[in-house]
Structure formats: structure tokens, C-alpha cells
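Have a look at the structure below before the remarks.
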Amino acid sequence: VPAGKIYGNGIGEFLTLLIGKEYLPFAITFGAMAFSTFVFDTLDVSLRLGRYIVQELFGLRGKLGAVIGTLATIFVPFVCVLIAPRGSWNDFWTLFGASNQLLAALSLLSITAWLYQARQRIAFTLLPMLFVLVITLWALAKMVVGNFQAAQGVDIKFVNGSASLALILLAIYLVITAFFKLRGERGGKTEPAGDFGF
């Protein structure tokens with residue numbers, strides 16, 4: 001069953017609790033439209049950010065740099081689509097969900113670091129960040145183990161597991177970097193207030 005139909009039916013059934021069962025066709029159409037908008041917007045933002053990152057990393061400028069950055073960004077997903085067996089979207093949808101929550105945790109990490117530097121209370125961002133980060137890293141670790149166990153050579157499971165592992169390592173790197181950065185500032189002139197807002 002296509003992902004759009006599953007999502008559209010699900011949100012449609014939920015909306016009928018508010019607008020009535022007689023409007024189910026309208027609710028399903030609205031759900032499918034919301035899903036499509038979400039997917040297209042996510043793809044657009046991902047492609048743009050990927051292109052910017054590639055251009056910044058390799059110093060690519062101008063229209064040619066934009067074209068090269070775009071092609072480099074879409075190369076990996078394009079290859080994955082070519083080699084992925086039918087139904088693989090379900091694996092990548094799970095990876096997308098985990099990476100989305102990881103982004104939320106890292107956003108809270110950034111806000112927590114900023115509040116700490118500004119000598120503000122941080123408990124209301126630190127605690128949710130720790131919870132979301134631990135749960136997400138645990139989920140990604142399970143995905144790494146599951147995908148590598150199911151992989152048969154360099155297939156789509158191997159790619160999925162490798163991507164999950166890369167997300168874990170990058171997240172840990174950012175957490176450690178933030179910790180030592182703030183620890184260094186605490187020992188210097190920019191020491192924040194003593195309590196953490198608990």
C-alpha cells in the first residue's frame with residue numbers, strides 16, 4: 001500500500017472524529033494533500049541545504065557550483081532509488097523519522113548552549129533534549145544492528161544501517177563538541193550563573 005494512501009486514510013479517519021463520518025472522502029483527500037505537501041517541502045529543503053553544504057565544503061561558487069552541488073546532493077538518493085527493492089521506502093521512512101527527531105534534539109542542544117552562554121536557566125531545554133537524544137540514539141542503534149544483520153553485501157539494508165551509524169557518530173560528535181566548548185567558557189571570563197535552573 002502506498003505511503004500516501006496510508007497517511008491519507010489515517011488522518012482522514014482522525015478528522016472524521018471532528019467533522020463527521022459523512023465527510024470521510026474530503027478528510028482523506030485533505031490527509032493525502034497534507035502528506036504530499038510535507039514530502040515535497042521536505043525534499044525541497046533537504047536538496048537546498050545539501051547543495052549549500054556541498055558548495056561551502058568544496059568552495060564552489062556561481063551557477064556552475066550550484067549545478068555541481070545539486071548533482072552531488074541527489075546522487076546518493078538517486079542510486080538508492082535505482083538499487084532499492086520494492087517496499088524499501090518503509091525502511092527509509094523509519095530512518096527519516098529517527099533523523100527528524102535527532103534534529104529536534106540537536107536543535108534543543110543548540111538552544112541549551114545558547115542559554116547557558118547567556119547565563120539563563122537551561123533545565124526546560126536540557127531535560128527534553130536529553131530525553132529525545134537518548135531515545136533517538138537508542139532507536140538509531142537498533143536500526144544499525146537490525147539493518148546490518150539483515151544486509152546481504154552492500155545492499156539497501158547496508159546503506160540504511162550505514163546512514164544510521166553516521167547519524168549516531170555525528171550526533172555524539174556535536175554533543176561532545178558542545179560540552180567541551182561550554183566547559184572551556186565556564187573556566188574563562190564567560191562563566192554562566194551557577195545553577196542550571198533545576
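Identifiers for the C-alpha cells are assigned positionally: chains receive A, B, ... in sequence, residues are indexed from 1 per chain, and ligands are indexed from 1 in the order shown.
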
Check your understanding: Hey, what does DSSP flag as alpha helix (DSSP H) within stretch 51-130 of chain A? Can you give it to me as a ChimeraX atom specification?
Key -> /A:51-58,62-83,89-117,123-130

Exercise for review: Fewer than 2 positions away in the same chain doesn't count, so skip those; otherwise give me all residues within 12 Å of A:Leu47, counting only C-alpha atoms, as a PyMOL selection string.
Suggested key: chain A and resi 40-45+49-54+66-67+69-77

With N, CA, C and O atoms kept, could you save the residues just selected as a CSV table (one decimal), in the first residue's frame?
```
chain,number,residue,atom,x,y,z
A,40,PHE,N,7.0,17.0,-0.3
A,40,PHE,CA,7.6,17.9,-1.3
A,40,PHE,C,8.4,19.0,-0.6
A,40,PHE,O,9.5,19.3,-1.0
A,41,ASP,N,7.9,19.5,0.5
A,41,ASP,CA,8.6,20.6,1.2
A,41,ASP,C,9.9,20.0,1.8
A,41,ASP,O,10.9,20.7,1.8
A,42,THR,N,9.8,18.8,2.4
A,42,THR,CA,11.0,18.2,3.0
A,42,THR,C,12.1,17.9,1.9
A,42,THR,O,13.2,18.2,2.2
A,43,LEU,N,11.6,17.4,0.8
A,43,LEU,CA,12.6,17.2,-0.3
A,43,LEU,C,13.2,18.5,-0.8
A,43,LEU,O,14.4,18.5,-1.0
A,44,ASP,N,12.4,19.5,-0.9
A,44,ASP,CA,13.0,20.8,-1.4
A,44,ASP,C,14.0,21.4,-0.4
A,44,ASP,O,15.1,21.8,-0.8
A,45,VAL,N,13.6,21.4,0.9
A,45,VAL,CA,14.6,21.9,1.9
A,45,VAL,C,15.8,21.0,2.0
A,45,VAL,O,16.9,21.6,2.1
A,49,LEU,N,19.5,22.6,1.3
A,49,LEU,CA,20.5,22.5,2.3
A,49,LEU,C,21.7,21.7,1.9
A,49,LEU,O,22.9,22.0,2.2
A,50,GLY,N,21.4,20.5,1.3
A,50,GLY,CA,22.5,19.7,0.8
A,50,GLY,C,23.4,20.4,-0.2
A,50,GLY,O,24.6,20.3,-0.2
A,51,ARG,N,22.8,21.1,-1.1
A,51,ARG,CA,23.5,21.9,-2.1
A,51,ARG,C,24.4,23.0,-1.5
A,51,ARG,O,25.6,23.1,-1.8
A,52,TYR,N,23.8,23.7,-0.5
A,52,TYR,CA,24.6,24.7,0.2
A,52,TYR,C,25.8,24.1,0.9
A,52,TYR,O,26.9,24.7,0.9
A,53,ILE,N,25.6,23.0,1.6
A,53,ILE,CA,26.7,22.4,2.3
A,53,ILE,C,27.8,21.9,1.4
A,53,ILE,O,29.0,22.1,1.7
A,54,VAL,N,27.4,21.3,0.3
A,54,VAL,CA,28.4,20.8,-0.7
A,54,VAL,C,29.2,22.0,-1.2
A,54,VAL,O,30.4,22.0,-1.4
A,66,ALA,N,26.5,25.7,-8.2
A,66,ALA,CA,25.2,25.3,-7.8
A,66,ALA,C,24.7,24.0,-8.5
A,66,ALA,O,24.1,23.1,-7.8
A,67,VAL,N,25.0,23.9,-9.8
A,67,VAL,CA,24.7,22.7,-10.5
A,67,VAL,C,25.5,21.5,-10.0
A,67,VAL,O,24.9,20.4,-9.8
A,69,GLY,N,26.8,21.2,-7.0
A,69,GLY,CA,26.3,20.9,-5.6
A,69,GLY,C,25.0,20.1,-5.7
A,69,GLY,O,24.8,19.2,-4.9
A,70,THR,N,24.1,20.5,-6.6
A,70,THR,CA,22.8,19.9,-6.7
A,70,THR,C,23.0,18.4,-7.2
A,70,THR,O,22.4,17.5,-6.6
A,71,LEU,N,23.8,18.2,-8.2
A,71,LEU,CA,24.0,16.9,-8.7
A,71,LEU,C,24.7,16.0,-7.6
A,71,LEU,O,24.3,14.8,-7.5
A,72,ALA,N,25.6,16.5,-6.9
A,72,ALA,CA,26.3,15.7,-5.8
A,72,ALA,C,25.3,15.4,-4.7
A,72,ALA,O,25.3,14.3,-4.2
A,73,THR,N,24.4,16.3,-4.5
A,73,THR,CA,23.4,16.1,-3.4
A,73,THR,C,22.4,15.0,-3.8
A,73,THR,O,22.0,14.1,-3.0
A,74,ILE,N,21.9,15.0,-5.0
A,74,ILE,CA,20.9,14.0,-5.4
A,74,ILE,C,21.5,12.7,-5.9
A,74,ILE,O,20.8,11.7,-6.1
A,75,PHE,N,22.8,12.6,-6.0
A,75,PHE,CA,23.5,11.4,-6.5
A,75,PHE,C,23.2,10.2,-5.6
A,75,PHE,O,22.8,9.1,-6.1
A,76,VAL,N,23.4,10.3,-4.3
A,76,VAL,CA,23.2,9.2,-3.4
A,76,VAL,C,21.8,8.7,-3.3
A,76,VAL,O,21.5,7.5,-3.5
A,77,PRO,N,20.8,9.6,-3.1
A,77,PRO,CA,19.4,9.1,-3.1
A,77,PRO,C,19.0,8.5,-4.5
A,77,PRO,O,18.2,7.6,-4.5
```

Study note, to complete from the structure: Between atom CA of A:Val79 and atom CA of A:Gly161 lies a distance of 15.9 Å

Exercise for review: Identify which of the residues A:Thr94, A:Thr29, A:Gln149, A:Thr112 lies closest to A:Leu127, counting only C-alpha atoms when measuring atom-to-atom distances.
Suggested key: A:Thr112

**Study point:** Shell of 7 Å around A:Lys157, only C-alpha atoms, local chain residues under 3 positions omitted, as a list in words
**Key:**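 The residues that qualify are Asn147, Phe148, Ala150, Ala151, Asn160 and Gly161 of chain A.
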
Exercise for review: Just the residues within 10 Å of A:Ser110, please, counting only C-alpha atoms, with nothing from its chain fewer than 5 positions along; format it as a PyMOL selection string.
Suggested key: chain A and resi 104-105+115-116+125-126+129+174-175+178
